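**Q** Quick one: the structure is below, questions incoming.
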Amino acid sequence: MKERIYYEINEQSARSAHEMMSFWDYKEGSLTEEYKGYVGGAYDLADKVAESRPEEADRVYGIAERYSKKMAANLNDRSRIGCMCPSVMICGPANFPVRKKEKQNAASDRNYQEFQEIQKMLNRIRSIGNGKGIIKSGDVDAVERLEKKLNGLKELQEKMKAANTYYRKNKTLDGCPVLTQEQIDSLKTEMQKDWHYEDKPFVTYQLSNNNAEIHRVEGRIKKLRAAKTEGNTESENEYFRTVENAEIMRLQLFFDGKPEVEVRDILKKNGFRWSRKNNCWQRQLTDNARYSLERVKKELEALK
């Protein structure tokens, strides 16, 4: 399990928004509690995936942290929107600012749509846990498949930017050369919805999320190439023999005989799993795996 990262929730704004909508007293810390419930659920999912697929731990915890940051921003924005205009029950019908209320309702709809988009990040964690679309570092063609994925992501980024540029110049998507007619029709429909709050076909978060994925894949390719260039390395201590197996991208621990229960518990806690095929304890070869290896050695030393 990894330390859970939480961001600040503006309780003062949450209280003000509540008081503009309800006669009931605001329970101090309730929005923070709601936020931590959402984020705790995301980290619980990540913990389960990390336990069953330790090689994907870095990835799912990264998604959980981004989810935490986005949820804090979304909930704080919800409070800000709630402060825009009071309920008619609070201020009364006389001279009620109808136009202001309409703007608040539209902003609230966009905020809720963003909330729904953020929840899709949980499905990404679940998909990784199910092994859907996973390119494993130990796959023989991992680099080639990652390069193919990277090219696709870059093409998508350029297409989104080109479509936005075309729309900015022409104020229409009709005739956009980088999109099919089906894509044009679909984007036109999306742009009419209340949640589509930017005047361009592809909104900012779509471009930023895709760009972040480009950098993530580029980082994986760089690390894989570096590891495969270095080849296998071995070392030995009083407890086990360590092999950094670049061919299948695994950090492997070889013991003389079956380790004791306490030792096995330490290995499992640090993400190592028994491989019958390779007759060793192993996990994906990453920097985090190397840090875990040092923790294993310290904890084994403490057992003595």
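Ordering of the structure tokens sets the chain letters (A, B, ...); residue numbers start at 1 within each chain; ligands are numbered from 1 in the order shown.
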For the structure I just gave you, how does DSSP split region 59-229 of chain A - specifically, which residues are alpha helix (DSSP H)? Reply as an MDAnalysis selection string.
**A** chainID A and resid 59:82 88:91 98:129 142:170 181:191 204:229
**Q** Which residues come within 9 Å of region 55-62 of chain A, counting only C-alpha atoms, excluding same-chain residues fewer than 5 positions away, as a PyMOL selection string?
**A** chain A and resi 2+4+42-43+45-47+49-50+67+124-125+128-129+136-137+250+271+283-286+288-289
**Q** Kindly indicate which residue among A:Asn232, A:Asn170, A:Ile118, A:Ile135 lies nearest to Lys148 (chain A), using only C-alpha atoms for the distances.
**A**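 Residue with the minimum atom-to-atom distance to Lys148 (chain A): A:Ile135.
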**Q** Fewer than 6 positions away in the same chain doesn't count, so skip those; otherwise give me all residues within 12 Å of Ala106 (chain A), counting only C-alpha atoms, as a list of chain:residue names.
**A** A:Arg78, A:Ile81, A:Gly82, A:Met84, A:Arg99, A:Lys100, A:Tyr112, A:Gln113, A:Lys193, A:Asp194, A:Trp195, A:His196, A:Tyr197
**Q** Store the residues picked out above in a file with all heavy atoms, as a compact mmCIF listing (two decimals), in the first residue's frame.
**A**
```txt
# COMPACT_ATOMS: atom_id res chain seq x y z
N ARG A 78 -17.45 23.30 -7.26
CA ARG A 78 -18.88 23.14 -6.96
C ARG A 78 -19.30 24.12 -5.86
O ARG A 78 -20.37 24.73 -5.94
CB ARG A 78 -19.16 21.70 -6.52
CG ARG A 78 -20.64 21.38 -6.35
CD ARG A 78 -20.83 19.93 -5.94
NE ARG A 78 -20.57 19.73 -4.52
CZ ARG A 78 -20.61 18.54 -3.93
NH1 ARG A 78 -20.88 17.45 -4.64
NH2 ARG A 78 -20.38 18.42 -2.63
N ILE A 81 -19.43 27.67 -7.31
CA ILE A 81 -20.65 27.86 -8.10
C ILE A 81 -21.86 28.02 -7.18
O ILE A 81 -22.76 28.83 -7.45
CB ILE A 81 -20.85 26.66 -9.05
CG1 ILE A 81 -19.74 26.63 -10.11
CG2 ILE A 81 -22.22 26.71 -9.73
CD1 ILE A 81 -19.68 25.35 -10.91
N GLY A 82 -21.87 27.28 -6.09
CA GLY A 82 -22.97 27.37 -5.14
C GLY A 82 -23.10 28.73 -4.50
O GLY A 82 -24.18 29.11 -4.02
N MET A 84 -22.65 31.55 -6.13
CA MET A 84 -22.97 32.54 -7.16
C MET A 84 -24.34 33.18 -6.97
O MET A 84 -24.54 34.36 -7.26
CB MET A 84 -22.91 31.88 -8.55
CG MET A 84 -21.51 31.55 -9.02
SD MET A 84 -21.50 30.56 -10.56
CE MET A 84 -22.35 31.65 -11.70
N ARG A 99 -31.64 35.74 -14.18
CA ARG A 99 -30.54 35.58 -15.13
C ARG A 99 -29.29 35.01 -14.44
O ARG A 99 -28.61 34.13 -14.97
CB ARG A 99 -30.21 36.94 -15.75
CG ARG A 99 -29.13 36.92 -16.82
CD ARG A 99 -29.55 36.14 -18.04
NE ARG A 99 -28.53 36.20 -19.08
CZ ARG A 99 -28.53 35.44 -20.14
NH1 ARG A 99 -29.50 34.53 -20.30
NH2 ARG A 99 -27.59 35.55 -21.05
N LYS A 100 -29.02 35.51 -13.26
CA LYS A 100 -27.86 35.03 -12.50
C LYS A 100 -28.04 33.57 -12.12
O LYS A 100 -27.09 32.78 -12.13
CB LYS A 100 -27.69 35.89 -11.24
CG LYS A 100 -26.35 35.73 -10.55
CD LYS A 100 -26.20 36.76 -9.44
CE LYS A 100 -24.83 36.69 -8.80
NZ LYS A 100 -24.68 37.69 -7.71
N TYR A 112 -20.89 19.18 -13.06
CA TYR A 112 -21.32 17.79 -12.88
C TYR A 112 -20.80 16.93 -14.03
O TYR A 112 -20.40 15.77 -13.82
CB TYR A 112 -22.83 17.69 -12.80
CG TYR A 112 -23.32 16.27 -12.61
CD1 TYR A 112 -23.04 15.58 -11.43
CD2 TYR A 112 -24.02 15.62 -13.61
CE1 TYR A 112 -23.46 14.27 -11.26
CE2 TYR A 112 -24.44 14.30 -13.45
CZ TYR A 112 -24.16 13.64 -12.27
OH TYR A 112 -24.56 12.34 -12.11
N GLN A 113 -20.80 17.47 -15.25
CA GLN A 113 -20.27 16.72 -16.39
C GLN A 113 -18.78 16.43 -16.19
O GLN A 113 -18.30 15.34 -16.48
CB GLN A 113 -20.49 17.50 -17.69
CG GLN A 113 -20.01 16.76 -18.93
CD GLN A 113 -20.75 15.46 -19.15
OE1 GLN A 113 -21.96 15.40 -18.96
NE2 GLN A 113 -20.04 14.42 -19.54
N LYS A 193 -23.87 20.74 -26.01
CA LYS A 193 -24.23 20.35 -24.65
C LYS A 193 -23.71 21.37 -23.63
O LYS A 193 -22.67 22.00 -23.84
CB LYS A 193 -23.69 18.95 -24.35
CG LYS A 193 -24.32 17.87 -25.22
CD LYS A 193 -23.77 16.49 -24.89
CE LYS A 193 -24.43 15.42 -25.76
NZ LYS A 193 -23.90 14.07 -25.48
N ASP A 194 -24.44 21.49 -22.51
CA ASP A 194 -24.10 22.49 -21.50
C ASP A 194 -22.71 22.29 -20.91
O ASP A 194 -22.02 23.25 -20.57
CB ASP A 194 -25.15 22.47 -20.37
CG ASP A 194 -26.48 23.03 -20.83
OD1 ASP A 194 -26.50 23.78 -21.81
OD2 ASP A 194 -27.50 22.70 -20.19
N TRP A 195 -22.31 21.02 -20.77
CA TRP A 195 -21.04 20.76 -20.11
C TRP A 195 -19.85 21.16 -20.97
O TRP A 195 -18.73 21.31 -20.48
CB TRP A 195 -20.92 19.28 -19.73
CG TRP A 195 -20.93 18.32 -20.89
CD1 TRP A 195 -22.00 17.66 -21.41
CD2 TRP A 195 -19.81 17.91 -21.69
NE1 TRP A 195 -21.63 16.88 -22.47
CE2 TRP A 195 -20.29 17.01 -22.66
CE3 TRP A 195 -18.45 18.23 -21.68
CZ2 TRP A 195 -19.46 16.41 -23.61
CZ3 TRP A 195 -17.61 17.63 -22.63
CH2 TRP A 195 -18.13 16.74 -23.58
N HIS A 196 -20.06 21.32 -22.31
CA HIS A 196 -18.96 21.67 -23.21
C HIS A 196 -18.73 23.18 -23.10
O HIS A 196 -19.24 23.97 -23.89
CB HIS A 196 -19.33 21.28 -24.65
CG HIS A 196 -18.14 21.18 -25.56
ND1 HIS A 196 -17.61 19.98 -25.98
CD2 HIS A 196 -17.34 22.13 -26.09
CE1 HIS A 196 -16.57 20.20 -26.77
NE2 HIS A 196 -16.39 21.50 -26.85
N TYR A 197 -17.97 23.58 -22.08
CA TYR A 197 -17.89 24.98 -21.70
C TYR A 197 -16.86 25.79 -22.46
O TYR A 197 -16.73 27.00 -22.24
CB TYR A 197 -17.60 25.09 -20.19
CG TYR A 197 -16.39 24.31 -19.74
CD1 TYR A 197 -15.13 24.88 -19.73
CD2 TYR A 197 -16.53 22.99 -19.32
CE1 TYR A 197 -14.03 24.17 -19.32
CE2 TYR A 197 -15.42 22.26 -18.90
CZ TYR A 197 -14.17 22.85 -18.90
OH TYR A 197 -13.09 22.14 -18.50
```
**Q** I need the residue nearest Glu213 (chain A) from this list: A:Thr242, A:Ser235, A:Gln252, A:Gln157. Use only C-alpha atoms for the distance.
**A**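 Looking only at the distances to Glu213 (chain A), the closest residue turns out to be A:Gln157.
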**Q** Measuring between only C-alpha atoms, which one of A:Ala163, A:Asn95, A:Leu122, A:Met21 shows the shortest distance to Val39 (chain A)?
**A**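 Distance minimum relative to Val39 (chain A) lands on A:Leu122.
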**Q** For each of A:Arg264, A:Lys277, A:Arg216, A:Lys159, take the minimum atom-to-atom distance to Glu299 (chain A), counting only C-alpha atoms, then give the residue where this is smallest.
**A**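 Answer, going by the shortest atom-to-atom distance: A:Arg264.
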**Q** Run DSSP on the backbone and tell me which residues of region 54-293 of chain A come out as strand (DSSP E or B); list them as a PyMOL selection string.
**A** chain A and resi 233-236+241-245+250-254+273-275+280-284
**Q** Write out as a PyMOL selection string the residues lying within 10 Å of Arg168 (chain A), counting only C-alpha atoms and excluding same-chain residues fewer than 6 positions away.
**A** chain A and resi 162+199-201
**Q** Write a file of the just-selected residues containing N, CA and C atoms, as a short mmCIF file (atom, residue, chain, number, x, y, z; two decimals), in the first residue's frame.
**A**
```
data_model
loop_
_atom_site.label_atom_id
_atom_site.label_comp_id
_atom_site.auth_asym_id
_atom_site.auth_seq_id
_atom_site.Cartn_x
_atom_site.Cartn_y
_atom_site.Cartn_z
N ALA A 162 -5.29 20.48 -34.78
CA ALA A 162 -5.64 20.96 -36.12
C ALA A 162 -7.14 21.28 -36.21
N ASP A 199 -15.29 27.13 -26.26
CA ASP A 199 -15.72 27.30 -27.64
C ASP A 199 -14.69 26.71 -28.60
N LYS A 200 -14.53 25.42 -28.54
CA LYS A 200 -13.65 24.69 -29.45
C LYS A 200 -14.05 23.22 -29.37
N PRO A 201 -13.83 22.48 -30.45
CA PRO A 201 -14.30 21.08 -30.48
C PRO A 201 -13.64 20.17 -29.44
#
```
**Q** Find the residues near region 24-35 of chain A: any atom within 8 Å, counting only C-alpha atoms, skip ones fewer than 6 places away on the same chain, and give them as a list in words.
**A**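 The residues satisfying every condition are Ile9, Glu11, Ala14, Arg15, His18, Met71, Ala72 and Leu75 of chain A.
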**Q** Write out as a list in words each polymer residue whose atoms come within 8 Å of Phe240 (chain A), counting only C-alpha atoms; drop sequence neighbours fewer than 6 positions from it.
**A** Leu253, Phe254, Phe255 and Asp256 of chain A
**Q** Can you measure CA of Leu187 (chain A) to CA of Ser208 (chain A) for me? One decimal in Å is fine.
**A**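 These atoms are spaced 18.2 Å apart.
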**Q** Which polymer residues have any atom within 10 Å of an atom of region 224-229 of chain A, counting only C-alpha atoms, with same-chain residues fewer than 4 positions away left out, as a ChimeraX atom specification?
**A** /A:137-138,142-143,218-220,244-249,285-286
**Q** Quote the spacing between CA of Thr233 (chain A) and CA of Leu251 (chain A) in Å to one decimal place.
**A**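 Computing it gives 9.8 Å between the two atoms.
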**Q** Out of A:Asn164, A:Ser22, A:Ser68, A:Ser108, which residue has the shortest atom-to-atom distance to Met121 (chain A) when counting only C-alpha atoms?
**A**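 Between A:Asn164, A:Ser22, A:Ser68, A:Ser108, the residue approaching Met121 (chain A) most closely is A:Ser68.
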